[in-house]
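Q: What follows is the file my_file22.csv, containing CSV, C-alpha atoms and all ligand atoms:
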```
chain,number,residue,atom,x,y,z
A,1,MET,CA,0.0,0.0,0.0
A,2,LYS,CA,1.4,3.4,-1.0
A,3,LYS,CA,0.5,6.5,1.0
A,4,SER,CA,1.4,10.1,0.3
A,5,PHE,CA,0.3,13.5,1.7
A,6,ASN,CA,-0.6,16.7,-0.3
A,7,HIS,CA,-0.7,14.5,-3.4
A,8,ASP,CA,-1.1,16.2,-6.8
A,9,LEU,CA,-4.3,15.0,-8.6
A,10,SER,CA,-3.8,16.9,-11.9
A,11,THR,CA,-2.9,13.6,-13.7
A,12,SER,CA,-5.6,11.6,-11.9
A,13,ASN,CA,-8.5,13.5,-13.5
A,14,THR,CA,-9.1,13.7,-17.3
A,15,PHE,CA,-10.4,17.3,-17.0
A,16,ARG,CA,-6.8,18.1,-15.9
A,17,MET,CA,-7.9,20.2,-12.9
A,18,ASN,CA,-4.8,21.4,-11.0
A,19,VAL,CA,-5.9,20.2,-7.6
A,20,SER,CA,-4.5,18.1,-4.8
A,21,CYS,CA,-5.8,15.9,-2.0
A,22,ALA,CA,-4.6,15.9,1.7
A,23,CYS,CA,-3.8,12.2,1.5
A,24,TYR,CA,-3.6,9.6,-1.3
A,25,ILE,CA,-3.6,5.8,-0.9
A,26,GLU,CA,-3.0,3.2,-3.6
A,27,TYR,CA,-3.5,-0.5,-2.7
A,28,ASP,CA,-2.8,-3.6,-4.7
A,29,SER,CA,-5.0,-6.4,-3.2
A,30,VAL,CA,-8.2,-7.1,-1.3
A,31,GLU,CA,-5.9,-8.4,1.6
A,32,GLU,CA,-4.3,-5.0,1.8
A,33,LEU,CA,-7.6,-3.3,2.0
A,34,ALA,CA,-8.9,-5.7,4.7
A,35,ASP,CA,-5.7,-5.3,6.7
A,36,PHE,CA,-5.9,-1.5,6.5
A,37,PHE,CA,-9.6,-1.1,7.5
A,38,SER,CA,-9.6,-3.8,10.2
A,39,SER,CA,-6.4,-2.3,11.9
A,40,GLY,CA,-8.2,1.0,12.5
A,41,ARG,CA,-5.5,3.0,10.7
A,42,GLN,CA,-8.3,4.7,8.7
A,43,PHE,CA,-9.2,6.7,11.8
A,44,ASP,CA,-5.9,8.6,11.6
A,45,LEU,CA,-6.5,9.8,8.0
A,46,PRO,CA,-8.1,13.1,6.8
A,47,ARG,CA,-11.8,12.8,6.0
A,48,PRO,CA,-13.9,12.6,3.9
A,49,PHE,CA,-12.8,9.4,1.9
A,50,LEU,CA,-13.2,9.2,-1.9
A,51,HIS,CA,-12.4,6.3,-4.1
A,52,ILE,CA,-11.4,7.2,-7.6
A,53,GLY,CA,-10.7,5.3,-10.8
A,54,GLY,CA,-9.2,7.2,-13.8
A,55,GLY,CA,-11.0,10.4,-12.8
A,56,SER,CA,-12.8,10.5,-16.2
A,57,ASN,CA,-16.3,11.2,-14.8
A,58,LEU,CA,-15.2,13.7,-12.1
A,59,LEU,CA,-14.9,17.5,-11.8
A,60,PHE,CA,-12.7,18.4,-8.8
A,61,THR,CA,-14.1,21.8,-7.8
A,62,LYS,CA,-11.3,22.5,-5.4
A,63,ASP,CA,-8.4,20.8,-3.5
A,64,PHE,CA,-9.9,17.7,-1.8
A,65,PRO,CA,-9.5,18.0,2.0
A,66,GLY,CA,-9.7,14.2,2.7
A,67,THR,CA,-8.2,10.9,1.6
A,68,VAL,CA,-8.4,9.6,-2.0
A,69,PHE,CA,-8.2,5.8,-2.5
A,70,HIS,CA,-7.2,4.2,-5.8
A,71,SER,CA,-7.1,0.5,-6.8
A,72,GLY,CA,-4.0,-1.1,-8.2
A,73,ILE,CA,-5.8,-4.5,-8.5
A,74,ARG,CA,-5.2,-5.3,-12.1
A,75,PHE,CA,-5.8,-8.7,-13.6
A,76,VAL,CA,-7.9,-10.4,-16.3
A,77,SER,CA,-8.5,-14.2,-15.4
A,78,PRO,CA,-10.7,-16.7,-17.1
A,79,LEU,CA,-12.7,-18.7,-14.5
A,80,GLU,CA,-12.3,-22.5,-14.8
A,81,GLY,CA,-15.6,-24.3,-15.3
A,82,GLY,CA,-17.6,-21.0,-15.2
A,83,GLY,CA,-19.1,-21.3,-18.6
A,84,GLN,CA,-21.7,-23.2,-20.5
A,85,ALA,CA,-22.9,-23.6,-24.1
A,86,ASP,CA,-25.8,-21.4,-25.3
A,87,ALA,CA,-28.7,-22.6,-27.5
A,88,SER,CA,-26.6,-22.3,-30.7
A,89,GLY,CA,-23.8,-24.3,-29.1
A,90,ALA,CA,-21.6,-21.3,-28.8
A,91,GLY,CA,-19.4,-21.3,-25.7
A,92,GLU,CA,-19.9,-18.9,-22.8
A,93,VAL,CA,-16.6,-17.9,-21.0
A,94,MET,CA,-16.6,-16.4,-17.5
A,95,VAL,CA,-13.8,-14.0,-16.9
A,96,GLU,CA,-12.9,-12.1,-13.7
A,97,VAL,CA,-11.3,-8.6,-14.0
A,98,GLY,CA,-9.6,-6.6,-11.3
A,99,ALA,CA,-11.2,-3.2,-10.5
A,100,GLY,CA,-8.0,-1.2,-11.3
A,101,THR,CA,-7.7,-2.7,-14.8
A,102,ARG,CA,-8.2,-0.1,-17.5
A,103,TRP,CA,-11.6,-0.8,-19.0
A,104,ASP,CA,-10.4,-0.6,-22.6
A,105,ASP,CA,-7.6,-3.0,-21.8
A,106,PHE,CA,-10.3,-5.6,-20.9
A,107,CYS,CA,-12.2,-4.8,-24.2
A,108,GLY,CA,-9.0,-5.3,-26.1
A,109,TRP,CA,-8.3,-8.6,-24.3
A,110,CYS,CA,-11.7,-9.9,-25.3
A,111,ALA,CA,-11.4,-8.8,-28.9
A,112,GLU,CA,-8.0,-10.4,-29.3
A,113,ARG,CA,-9.5,-13.7,-28.2
A,114,GLY,CA,-12.6,-13.5,-30.4
A,115,LEU,CA,-14.9,-13.1,-27.4
A,116,TRP,CA,-18.1,-11.1,-27.8
A,117,GLY,CA,-19.5,-8.9,-25.0
A,118,PRO,CA,-17.9,-5.6,-24.4
A,119,GLU,CA,-16.8,-4.6,-27.9
A,120,ASN,CA,-19.4,-1.8,-28.3
A,121,LEU,CA,-18.0,-0.3,-25.0
A,122,SER,CA,-14.5,-0.1,-26.4
A,123,GLY,CA,-12.6,3.1,-25.9
A,124,ILE,CA,-14.6,4.3,-22.9
A,125,PRO,CA,-11.9,5.8,-20.5
A,126,GLY,CA,-11.5,4.7,-16.9
A,127,GLU,CA,-11.3,1.5,-14.9
A,128,THR,CA,-13.4,-1.6,-14.5
A,129,GLY,CA,-14.4,-0.8,-10.9
A,130,ALA,CA,-15.8,2.6,-11.9
A,131,ALA,CA,-17.5,1.0,-15.0
A,132,ALA,CA,-19.4,-1.2,-12.5
A,133,VAL,CA,-20.4,1.8,-10.5
A,134,GLN,CA,-21.4,3.9,-13.5
A,135,ASN,CA,-23.1,1.2,-15.6
A,136,ILE,CA,-21.2,2.7,-18.6
A,137,GLY,CA,-23.0,2.5,-21.9
A,138,ALA,CA,-22.4,3.2,-25.6
A,139,TYR,CA,-23.9,2.2,-29.0
A,140,GLY,CA,-26.7,0.1,-27.6
A,141,THR,CA,-24.7,-1.9,-25.0
A,142,GLU,CA,-24.4,-1.3,-21.2
A,143,PHE,CA,-22.1,-2.7,-18.7
A,144,LYS,CA,-25.0,-4.6,-17.1
A,145,ASP,CA,-25.5,-6.6,-20.3
A,146,VAL,CA,-22.1,-8.2,-19.9
A,147,VAL,CA,-21.5,-8.5,-16.2
A,148,ARG,CA,-22.7,-11.3,-13.9
A,149,LYS,CA,-21.2,-10.5,-10.4
A,150,ILE,CA,-19.5,-7.6,-8.7
A,151,ARG,CA,-17.1,-8.3,-5.8
A,152,CYS,CA,-16.7,-5.6,-3.2
A,153,PHE,CA,-15.0,-4.8,0.1
A,154,ASP,CA,-17.4,-3.5,2.7
A,155,VAL,CA,-15.6,-0.8,4.7
A,156,VAL,CA,-18.3,-0.9,7.4
A,157,THR,CA,-18.1,-4.6,8.2
A,158,CYS,CA,-14.5,-5.1,6.9
A,159,SER,CA,-15.7,-8.1,4.9
A,160,VAL,CA,-15.9,-9.2,1.3
A,161,LYS,CA,-19.4,-9.2,-0.4
A,162,THR,CA,-20.4,-10.4,-3.8
A,163,PHE,CA,-23.4,-8.7,-5.6
A,164,SER,CA,-25.4,-10.5,-8.3
A,165,ARG,CA,-26.2,-8.3,-11.3
A,166,ASP,CA,-29.8,-7.8,-10.0
A,167,GLU,CA,-28.6,-6.7,-6.6
A,168,CYS,CA,-26.6,-3.9,-8.3
A,169,ARG,CA,-29.9,-2.3,-9.4
A,170,TYR,CA,-28.5,-1.1,-12.7
A,171,GLY,CA,-30.3,1.8,-14.5
A,172,TYR,CA,-29.2,4.5,-16.9
A,173,ARG,CA,-25.7,5.4,-15.7
A,174,ASP,CA,-26.8,4.3,-12.3
A,175,SER,CA,-26.4,1.5,-9.7
A,176,ILE,CA,-26.7,0.8,-6.0
A,177,PHE,CA,-23.1,2.0,-5.7
A,178,LYS,CA,-24.1,5.5,-6.7
A,179,GLN,CA,-27.2,5.4,-4.5
A,180,ALA,CA,-28.0,3.6,-1.2
A,181,ALA,CA,-24.5,1.9,-1.0
A,182,LYS,CA,-22.4,5.0,-2.0
A,183,GLY,CA,-19.2,5.1,0.0
A,184,ARG,CA,-19.8,1.8,1.7
A,185,TYR,CA,-18.5,-0.7,-0.9
A,186,ILE,CA,-15.2,-0.6,-2.8
A,187,VAL,CA,-15.5,-2.6,-6.0
A,188,THR,CA,-12.5,-5.0,-6.2
A,189,SER,CA,-13.4,-7.1,-9.2
A,190,ALA,CA,-16.2,-8.0,-11.7
A,191,VAL,CA,-17.1,-11.3,-13.3
A,192,PHE,CA,-18.3,-11.2,-16.9
A,193,ALA,CA,-20.0,-13.7,-19.2
A,194,LEU,CA,-18.5,-13.5,-22.7
A,195,SER,CA,-19.5,-15.5,-25.7
A,196,SER,CA,-17.5,-17.1,-28.5
A,197,GLY,CA,-20.4,-17.1,-30.9
A,198,ALA,CA,-23.0,-14.4,-29.9
A,199,GLY,CA,-22.3,-12.0,-32.8
A,200,PRO,CA,-22.4,-8.2,-32.9
A,201,GLN,CA,-25.0,-5.8,-31.5
A,202,LEU,CA,-25.6,-3.5,-34.4
A,203,GLY,CA,-28.8,-1.7,-33.3
A,204,TYR,CA,-27.3,1.7,-34.0
A,205,GLY,CA,-27.7,2.3,-37.8
A,206,HIS,CA,-24.5,4.2,-38.3
A,207,VAL,CA,-22.5,1.5,-36.5
A,208,LYS,CA,-24.1,-1.2,-38.7
A,209,ASP,CA,-23.2,0.9,-41.8
A,210,ALA,CA,-19.6,1.4,-40.6
A,211,VAL,CA,-19.2,-2.4,-39.9
A,212,GLU,CA,-20.5,-3.2,-43.4
A,213,LYS,CA,-18.1,-0.8,-44.9
A,214,ALA,CA,-15.2,-2.3,-42.9
A,215,LEU,CA,-16.2,-5.8,-43.9
A,216,SER,CA,-16.2,-4.9,-47.6
A,217,GLU,CA,-12.8,-3.0,-47.2
A,218,ASN,CA,-11.2,-6.0,-45.4
A,219,ARG,CA,-12.9,-8.5,-47.8
A,220,GLN,CA,-14.3,-10.3,-44.7
A,221,GLU,CA,-17.7,-12.0,-44.8
A,222,SER,CA,-18.7,-11.7,-41.2
A,223,PRO,CA,-17.7,-9.4,-38.4
A,224,THR,CA,-15.4,-10.4,-35.6
A,225,PRO,CA,-15.2,-8.7,-32.1
A,226,GLU,CA,-11.9,-7.2,-33.3
A,227,LEU,CA,-13.4,-5.7,-36.4
A,228,VAL,CA,-16.4,-4.2,-34.4
A,229,ARG,CA,-14.0,-2.9,-31.8
A,230,SER,CA,-11.9,-1.1,-34.4
A,231,VAL,CA,-15.0,0.4,-36.0
A,232,ILE,CA,-16.2,1.7,-32.6
A,233,LEU,CA,-12.8,3.1,-31.8
A,234,GLY,CA,-12.8,4.8,-35.2
A,235,ILE,CA,-16.2,6.4,-34.6
A,236,ARG,CA,-15.3,7.6,-31.1
A,237,ASN,CA,-12.0,9.1,-32.2
A,238,SER,CA,-13.7,11.0,-34.9
A,239,LYS,CA,-16.3,12.5,-32.5
A,240,LEU,CA,-14.8,12.9,-29.1
A,241,PRO,CA,-11.7,14.8,-27.8
A,242,ASP,CA,-8.9,12.7,-26.5
A,243,PRO,CA,-8.4,13.7,-22.8
A,244,ALA,CA,-4.6,13.3,-23.3
A,245,GLU,CA,-4.8,16.2,-25.8
A,246,MET,CA,-7.7,18.3,-24.4
A,247,GLY,CA,-9.0,17.9,-20.9
A,248,ASN,CA,-12.6,16.8,-20.6
A,249,ALA,CA,-14.8,14.3,-18.8
A,250,GLY,CA,-17.0,13.1,-21.7
A,251,SER,CA,-20.7,13.9,-21.6
A,252,PHE,CA,-21.1,16.7,-19.1
A,253,PHE,CA,-24.9,16.6,-18.8
A,254,LYS,CA,-27.4,13.8,-18.6
A,255,ASN,CA,-30.0,13.5,-21.3
A,256,PRO,CA,-33.2,15.0,-19.8
A,257,VAL,CA,-36.3,12.8,-19.5
A,258,VAL,CA,-39.4,15.0,-19.6
A,259,PRO,CA,-43.2,14.7,-19.6
A,260,LYS,CA,-44.6,14.5,-23.2
A,261,VAL,CA,-46.1,18.0,-22.8
A,262,PHE,CA,-42.6,19.5,-22.5
A,263,TYR,CA,-41.5,17.5,-25.6
A,264,ASP,CA,-44.5,18.9,-27.5
A,265,LYS,CA,-43.3,22.4,-26.8
A,266,VAL,CA,-39.8,21.6,-28.0
A,267,GLU,CA,-41.2,20.0,-31.1
A,268,HIS,CA,-43.4,23.1,-31.8
A,269,TYR,CA,-40.3,25.3,-31.4
A,270,ALA,CA,-38.2,23.1,-33.8
A,271,LYS,CA,-41.0,22.8,-36.5
A,272,SER,CA,-41.6,26.6,-36.5
A,273,LYS,CA,-37.9,27.2,-36.9
A,274,TYR,CA,-36.9,24.4,-39.3
A,275,GLY,CA,-40.1,23.5,-41.1
A,276,GLN,CA,-42.9,21.0,-40.5
A,277,ASP,CA,-40.8,18.0,-41.8
A,278,TYR,CA,-38.1,18.5,-39.1
A,279,GLU,CA,-37.8,15.6,-36.6
A,280,VAL,CA,-36.5,16.4,-33.1
A,281,PRO,CA,-34.3,13.6,-32.0
A,282,HIS,CA,-35.9,11.8,-29.1
A,283,PHE,CA,-36.5,8.4,-27.5
A,284,ASP,CA,-39.7,7.1,-25.8
A,285,ALA,CA,-38.8,6.6,-22.1
A,286,GLY,CA,-42.2,5.0,-21.3
A,287,SER,CA,-45.0,6.1,-19.0
A,288,GLY,CA,-45.6,9.3,-21.0
A,289,PHE,CA,-42.0,10.5,-20.7
A,290,ILE,CA,-39.6,11.3,-23.5
A,291,LYS,CA,-35.8,11.4,-23.4
A,292,ILE,CA,-34.3,14.3,-25.4
A,293,PRO,CA,-30.6,14.4,-26.2
A,294,ALA,CA,-29.0,17.2,-24.1
A,295,ALA,CA,-26.5,17.7,-27.0
A,296,TRP,CA,-29.4,18.8,-29.3
A,297,LEU,CA,-30.8,21.2,-26.7
A,298,ILE,CA,-27.4,22.7,-26.1
A,299,GLU,CA,-26.7,23.1,-29.8
A,300,GLN,CA,-30.1,24.9,-30.3
A,301,CYS,CA,-28.9,27.4,-27.7
A,302,GLY,CA,-25.9,28.2,-29.9
A,303,TRP,CA,-23.1,26.7,-27.7
A,304,LYS,CA,-21.5,24.3,-30.2
A,305,GLY,CA,-17.8,25.3,-30.6
A,306,TYR,CA,-18.2,28.2,-28.1
A,307,THR,CA,-14.9,29.3,-26.4
A,308,GLU,CA,-14.3,31.6,-23.4
A,309,GLY,CA,-10.9,31.9,-21.8
A,310,ASN,CA,-9.5,28.5,-21.1
A,311,VAL,CA,-12.8,26.6,-21.5
A,312,GLY,CA,-15.1,25.8,-24.3
A,313,VAL,CA,-17.8,23.5,-25.8
A,314,TYR,CA,-16.3,20.8,-28.1
A,315,ALA,CA,-17.2,21.7,-31.7
A,316,LYS,CA,-18.0,18.2,-32.8
A,317,GLN,CA,-20.0,17.2,-29.7
A,318,PRO,CA,-21.7,20.0,-27.7
A,319,LEU,CA,-22.3,17.7,-24.8
A,320,VAL,CA,-18.6,17.8,-24.0
A,321,LEU,CA,-17.1,20.8,-22.1
A,322,VAL,CA,-13.3,21.1,-22.6
A,323,ASN,CA,-10.3,22.5,-20.8
A,324,ARG,CA,-9.2,24.0,-24.0
A,325,THR,CA,-5.8,25.4,-23.0
A,326,GLY,CA,-5.0,22.9,-20.2
A,327,ALA,CA,-5.0,25.8,-17.7
A,328,ALA,CA,-8.8,25.9,-16.9
A,329,THR,CA,-9.8,26.3,-13.3
A,330,PRO,CA,-12.8,24.5,-11.8
A,331,ASP,CA,-14.6,27.9,-11.5
A,332,GLU,CA,-14.3,28.5,-15.2
A,333,ILE,CA,-15.9,25.1,-16.0
A,334,ILE,CA,-18.7,25.7,-13.4
A,335,ALA,CA,-19.4,29.2,-14.8
A,336,LEU,CA,-19.8,27.7,-18.3
A,337,GLU,CA,-21.9,24.8,-17.0
A,338,LYS,CA,-24.3,27.4,-15.4
A,339,LYS,CA,-24.5,29.6,-18.5
A,340,ILE,CA,-25.4,26.5,-20.6
A,341,SER,CA,-28.0,25.1,-18.3
A,342,ASP,CA,-29.6,28.6,-17.7
A,343,SER,CA,-29.9,29.1,-21.5
A,344,VAL,CA,-31.6,25.7,-22.0
A,345,MET,CA,-33.9,26.5,-19.1
A,346,ASN,CA,-34.7,29.9,-20.6
A,347,LEU,CA,-35.4,28.6,-24.1
A,348,PHE,CA,-37.1,25.2,-23.4
A,349,GLY,CA,-38.0,25.3,-19.7
A,350,ILE,CA,-36.0,22.1,-19.3
A,351,GLY,CA,-33.4,21.7,-16.5
A,352,LEU,CA,-30.1,19.9,-17.3
A,353,ASN,CA,-28.4,17.8,-14.6
A,354,PRO,CA,-24.7,17.1,-14.7
A,355,GLU,CA,-23.5,13.6,-15.6
A,356,VAL,CA,-20.1,14.5,-14.3
A,357,GLU,CA,-19.7,14.1,-10.5
A,358,HIS,CA,-18.7,17.4,-8.8
A,359,ILE,CA,-16.3,16.7,-6.0
B,1,LIG,C1,-13.6,11.2,-23.7
B,1,LIG,C2,-14.6,10.5,-22.8
B,1,LIG,C3,-15.6,9.7,-23.3
B,1,LIG,C4,-16.5,9.0,-22.5
B,1,LIG,N1,-17.4,8.2,-23.0
B,1,LIG,C5,-18.3,7.5,-22.2
B,1,LIG,C6,-19.3,6.7,-22.8
B,1,LIG,O1,-19.3,6.5,-24.1
B,1,LIG,N2,-20.1,6.0,-22.0
B,1,LIG,C7,-20.1,6.2,-20.6
B,1,LIG,O2,-20.9,5.6,-19.9
B,1,LIG,N3,-19.2,7.0,-20.1
B,1,LIG,C8,-18.3,7.7,-20.8
B,1,LIG,N4,-17.4,8.5,-20.2
B,1,LIG,C9,-17.4,8.7,-18.8
B,1,LIG,C10,-16.4,7.9,-18.0
B,1,LIG,O3,-15.3,7.4,-18.8
B,1,LIG,C11,-17.1,6.7,-17.3
B,1,LIG,O4,-18.0,7.2,-16.4
B,1,LIG,C12,-16.1,5.8,-16.6
B,1,LIG,O5,-16.7,4.6,-16.1
B,1,LIG,C13,-15.4,6.5,-15.4
B,1,LIG,O6,-14.3,5.7,-15.0
B,1,LIG,P1,-13.2,6.2,-14.1
B,1,LIG,O7,-12.3,5.0,-13.7
B,1,LIG,O8,-12.5,7.3,-14.7
B,1,LIG,O9,-13.9,6.6,-12.7
B,1,LIG,P2,-13.9,8.0,-11.9
B,1,LIG,O10,-14.4,9.1,-12.8
B,1,LIG,O11,-12.6,8.1,-11.2
B,1,LIG,O12,-15.1,7.6,-10.8
B,1,LIG,C14,-16.4,7.5,-11.2
B,1,LIG,C15,-17.2,7.0,-10.0
B,1,LIG,O13,-16.9,5.7,-9.6
B,1,LIG,C16,-16.5,5.7,-8.2
B,1,LIG,N5,-15.4,4.6,-8.2
B,1,LIG,C17,-14.3,4.5,-8.9
B,1,LIG,N6,-13.6,3.4,-8.7
B,1,LIG,C18,-14.3,2.7,-7.7
B,1,LIG,C19,-14.2,1.5,-7.0
B,1,LIG,N7,-13.2,0.7,-7.2
B,1,LIG,N8,-15.1,1.2,-6.0
B,1,LIG,C20,-16.2,2.0,-5.8
B,1,LIG,N9,-16.4,3.2,-6.4
B,1,LIG,C21,-15.5,3.5,-7.4
B,1,LIG,C22,-16.0,7.1,-7.9
B,1,LIG,O14,-16.1,7.4,-6.6
B,1,LIG,C23,-17.0,7.9,-8.7
B,1,LIG,O15,-18.2,8.0,-8.0
B,1,LIG,C24,-16.4,9.2,-21.1
B,1,LIG,C25,-15.4,10.0,-20.5
B,1,LIG,C26,-14.5,10.7,-21.3
B,1,LIG,C27,-13.5,11.5,-20.7
```
Go ahead and render the structure in this file as structure tokens.
Ligand SMILES: Cc1cc2nc3c(=O)[nH]c(=O)nc-3n(C[C@H](O)[C@H](O)[C@H](O)COP(=O)(O)OP(=O)(O)OC[C@H]3O[C@@H](n4cnc5c(N)ncnc54)[C@H](O)[C@@H]3O)c2cc1C
A:
Amino acid sequence: MKKSFNHDLSTSNTFRMNVSCACYIEYDSVEELADFFSSGRQFDLPRPFLHIGGGSNLLFTKDFPGTVFHSGIRFVSPLEGGGQADASGAGEVMVEVGAGTRWDDFCGWCAERGLWGPENLSGIPGETGAAAVQNIGAYGTEFKDVVRKIRCFDVVTCSVKTFSRDECRYGYRDSIFKQAAKGRYIVTSAVFALSSGAGPQLGYGHVKDAVEKALSENRQESPTPELVRSVILGIRNSKLPDPAEMGNAGSFFKNPVVPKVFYDKVEHYAKSKYGQDYEVPHFDAGSGFIKIPAAWLIEQCGWKGYTEGNVGVYAKQPLVLVNRTGAATPDEIIALEKKISDSVMNLFGIGLNPEVEHI
């Protein structure tokens, strides 16, 4: 276990906020965690406690006064006897992955071995432990579709607990670890069910088109996990800023889910502006509610490509706020966040909530 005080966090968050924490601890095993919490040593450390992964969904709003924990538990291990054949005879392979493993390293591991499951989630920054907390999602697949069990360390009882997928109560970018159990459980590993024969999830039209194009370019008849992964990585690279080049935390706001009457007003606005044939992008969220892409609402308010000082709105994806120069402060990001959400409220009467966790 490595411990340091007044630790610099500027390379531990993808927004590149120049902040520090009073104490930083990195551990390498469940045994180290158990030894630490059962010895009572945690009572000597600055509070509050925060567990981070790659810091790709966080906005540090100031120096953190407490102790930051980070997992160094990194492994990808197939589980013996954990799989079974599905109806088509294709094999199911169970694999356990340490929480500190880079999520995309696991996606690459699966693709190299021809295993289907997380290929549509390729390229999402961050670590496997946080992916379990966030229920990450992209291109029609969510973490919950691939995972079977989450193993955790309970800091209250100092014991190990395994959650089934149902017990995790997964929803849209949500889980029990963000709600009732927040702060109590440290995710230490996750068990996934992969398939050697399931085939691709091509529900998103443009992904299907891009996969077909790649097949014809490669003179391949049917897609492999590796081909789908490379198509997904290509799409992502063309749309999203690389945090290594421009600080950001991905989608800054959640897509609002509104009662149909609100959507009707948005549609009326759009049709009177762009003509009766114009279709507002939206998804039926059930029970009379509609999900509207926050990116569309933000674009309508004129923010796409906007810059101000060190911050800005990414020109290719208005849902992404960026640390343009690398020198942005938390206050600059927060001021831009407020201006954007106020403008959406003024134009559409719809409130935007941040997807990025403010610390
Ligand atoms: C360019 C870019 C693109 C992105 N694209 C997507 C996308 O397509 N889909 C998507 O869903 N997200 C996306 N994200 C958001 C982000 O990558 C995910 O939310 C990711 O899962 C965060 O992982 P992290 O390791 O960086 O976690 P962090 O941001 O460090 O932490 C996220 C949360 O998990 C908790 N946590 C972390 N590790 C543990 C642990 N071991 N035990 C318990 N709690 C823990 C933290 O306390 C925090 O609440 C994107 C981000 C960027 C920068």
Q: Closest to Ile334 in chain A among A:Gly349, A:Gly140, A:Gly205, A:Pro354, using all atoms listed in the file?
A: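 Using all atoms listed in the file, Ile334 in chain A sits closest to A:Pro354.
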Q: Check the smallest atom-to-atom distance from each of A:Ser159, A:Thr61, A:Thr325, A:Asn6 to Glu308 in chain A using only C-alpha atoms, then report the winner.
A: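 Looking at the shortest contact to Glu308 in chain A, the residue is A:Thr325.
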Q: Have a look at A:Val311, A:Ala327, A:Cys301, A:Val257 and name the one nearest to Ala285 in chain A; count all atoms listed in the file.
A: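 Closest to Ala285 in chain A of all the choices is A:Val257.
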Q: Range 17-34 of chain A: which residues within 7 Å, counting only C-alpha atoms, same-chain residues fewer than 6 positions away excluded, as an mmCIF file with C-alpha atoms, in the frame of the given file?
A:
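Output below, filename out_27.cif:
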```
data_model
loop_
_atom_site.group_PDB
_atom_site.id
_atom_site.type_symbol
_atom_site.label_atom_id
_atom_site.label_comp_id
_atom_site.auth_asym_id
_atom_site.auth_seq_id
_atom_site.Cartn_x
_atom_site.Cartn_y
_atom_site.Cartn_z
ATOM 1 C CA MET A 1 0.000 0.000 0.000
ATOM 2 C CA LYS A 2 1.400 3.400 -1.000
ATOM 3 C CA LYS A 3 0.500 6.500 1.000
ATOM 4 C CA SER A 4 1.400 10.100 0.300
ATOM 5 C CA PHE A 5 0.300 13.500 1.700
ATOM 6 C CA ASN A 6 -0.600 16.700 -0.300
ATOM 7 C CA HIS A 7 -0.700 14.500 -3.400
ATOM 8 C CA ASP A 8 -1.100 16.200 -6.800
ATOM 9 C CA LEU A 9 -4.300 15.000 -8.600
ATOM 10 C CA SER A 10 -3.800 16.900 -11.900
ATOM 11 C CA PRO A 46 -8.100 13.100 6.800
ATOM 12 C CA PHE A 60 -12.700 18.400 -8.800
ATOM 13 C CA LYS A 62 -11.300 22.500 -5.400
ATOM 14 C CA ASP A 63 -8.400 20.800 -3.500
ATOM 15 C CA PHE A 64 -9.900 17.700 -1.800
ATOM 16 C CA PRO A 65 -9.500 18.000 2.000
ATOM 17 C CA GLY A 66 -9.700 14.200 2.700
ATOM 18 C CA THR A 67 -8.200 10.900 1.600
ATOM 19 C CA VAL A 68 -8.400 9.600 -2.000
ATOM 20 C CA PHE A 69 -8.200 5.800 -2.500
ATOM 21 C CA HIS A 70 -7.200 4.200 -5.800
ATOM 22 C CA SER A 71 -7.100 0.500 -6.800
ATOM 23 C CA GLY A 72 -4.000 -1.100 -8.200
ATOM 24 C CA ILE A 73 -5.800 -4.500 -8.500
ATOM 25 C CA CYS A 158 -14.500 -5.100 6.900
ATOM 26 C CA THR A 188 -12.500 -5.000 -6.200
ATOM 27 C CA THR A 329 -9.800 26.300 -13.300
ATOM 28 C CA PRO A 330 -12.800 24.500 -11.800
#
```
Q: What gap, in Å, lies between CA of Ala294 in chain A and CA of Pro318 in chain A?
A: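 Interatomic distance here is 8.6 Å.
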Q: Could you check how far CA of Ala270 in chain A sits from CA of Gly302 in chain A, in Å to one decimal?
A: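 Computing the Euclidean distance for CA of Ala270 in chain A and CA of Gly302 in chain A yields 13.9 Å.
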Q: Which of these residues is nearest to Glu355 in chain A, using all atoms listed in the file: A:Pro223, A:Gly91, A:Gly108, A:Pro256?
A: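 Selected residue with least distance to Glu355 in chain A: A:Pro256.
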Q: Determine, counting all atoms listed in the file, which protein, DNA and RNA residues have an atom within 9 Å of an atom of Val147 in chain A; residues of the same chain fewer than 6 positions away are not included. Present the result as a list of chain:residue names.
A: A:Ala132, A:Arg165, A:Ala190, A:Val191, A:Phe192, A:Ala193, A:Leu194
Q: Within 10 Å of Val313 in chain A, counting all atoms listed in the file, which residues show up once you throw out same-chain ones fewer than 2 positions away? Write them as an NGL selection string, please.
A: :A and (248 or 298-299 or 303-308 or 311 or 315-324 or 336-337 or 340)
Q: How far is it from CA of Pro281 in chain A to CA of Asn346 in chain A, in Å with one decimal?
A: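 Separation of CA of Pro281 in chain A and CA of Asn346 in chain A: 19.9 Å.
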Q: Would you mind listing what lies within 9 Å of range 229-234 of chain A as an NGL selection string, with only C-alpha atoms counted and same-chain residues fewer than 4 positions away left out?
A: :A and (107-108 or 111 or 118-123 or 139 or 207 or 210-211 or 214 or 224-225 or 238-239)
Q: Go through A:His268, A:Glu226, A:Trp296, A:Asn310 and flag the residue nearest Glu112 in chain A, using only C-alpha atoms for the distances.
A: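 So, comparing all the options, the nearest one is A:Glu226.
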Q: Show which residues sit within 9 Å of Asn353 in chain A, as a list in words. Count all atoms listed in the file, and ignore same-chain residues fewer than 4 positions away.
A: Phe252, Phe253, Lys254, Asn255, Pro256 and Ser341 of chain A
Q: In the coordinates of the file, take the point (-39.7, 15.2, -16.1) and a cut-off of 10 Å; then, counting only C-alpha atoms, name each qualifying protein, DNA or RNA residue as a list in words.
A: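 Within 10 Å of (-39.7, 15.2, -16.1), the protein and nucleic acid residues are Pro256, Val257, Val258, Pro259, Lys260, Val261, Phe262, Tyr263, Gly288, Phe289, Ile290, Lys291, Ile350 and Gly351 of chain A.
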